[in-house]
Amino acid sequence: MAKNSEFKYEIKEHIATLSTNEKGWSKELNLISWNDREPVFDIRTWDAEHKHMGKGITLTEEEVRILGKVLG
């Protein structure tokens with residue numbers, strides 16, 4: 001579990017790496033628990049050690065289902 005001065009997070013499951021840029025940061029889909037809450041699906045960029053992150057988006061399981069239908 002990692003802790004930031006404002007929040008903590010735990011990557012419960014790494015689902016996929018969507019891309020990696022020239023600086024080594026990866027855009028990933030993970031299942032993450034933020035501040036000890038129920039895990040949510042999360043898409044964002046991470047450094048190689050998962051200590052620093054970029055802006056991202058979190059989705060509930062229902063939102064992931066809807067997104068899958070829209071993209072499918």
# chains A, B, ... in the order shown; residues from 1 in each chain; ligands from 1
$ residues_around --residues "Lys8 in chain A" --least-positions-apart "6" --cutoff "9 Å" --atoms "only C-alpha atoms" --output "list in words"
Met1, Ala2, Ser33, Trp34, Asn35 and Asp36 of chain A
$ residues_around --residues "Glu38 in chain A" --least-positions-apart "4" --cutoff "12 Å" --atoms "only C-alpha atoms" --output "MDAnalysis selection string"
chainID A and resid 9:12 31:34 58:61
$ atom_distance --atom1 "CA of Val64 in chain A" --atom2 "CA of Trp25 in chain A"
23.5 Å
$ atom_distance --atom1 "CA of Ala16 in chain A" --atom2 "CA of Asp42 in chain A"
10.7 Å
$ residues_around --residues "Glu49 in chain A" --least-positions-apart "3" --cutoff "12 Å" --atoms "only C-alpha atoms" --output "ChimeraX atom specification"
/A:2,24-26,45-46,52-53
$ write_last_selection --atoms "C-alpha atoms" --output "PDB file, in the first residue's frame"
ATOM      1  CA  ALA A   2       1.327   3.424  -0.921  1.00  0.00           C
ATOM      2  CA  GLY A  24       8.894   4.635 -19.294  1.00  0.00           C
ATOM      3  CA  TRP A  25       5.497   5.686 -17.945  1.00  0.00           C
ATOM      4  CA  SER A  26       2.722   3.161 -18.617  1.00  0.00           C
ATOM      5  CA  THR A  45      -0.368   6.631 -16.236  1.00  0.00           C
ATOM      6  CA  TRP A  46       2.204   5.327 -13.751  1.00  0.00           C
ATOM      7  CA  HIS A  52       4.084   8.507  -9.113  1.00  0.00           C
ATOM      8  CA  MET A  53       0.921   8.757 -11.174  1.00  0.00           C
TER       9      MET A  53
END
$ select_by_dssp --residues "chain A" --states "strand (DSSP E or B)" --output "ChimeraX atom specification"
/A:2-3,8-20,26-34,40-46,53-59
$ closest_residue --among "A:Leu18, A:Ile57, A:Ile66, A:Leu71" --to "Val40 in chain A" --atoms "only C-alpha atoms"
A:Ile57
$ select_by_dssp --residues "range 8-67 of chain A" --states "helix (DSSP H, G or I)" --output "list in words"
Glu61, Glu62, Glu63, Val64, Arg65, Ile66 and Leu67 of chain A
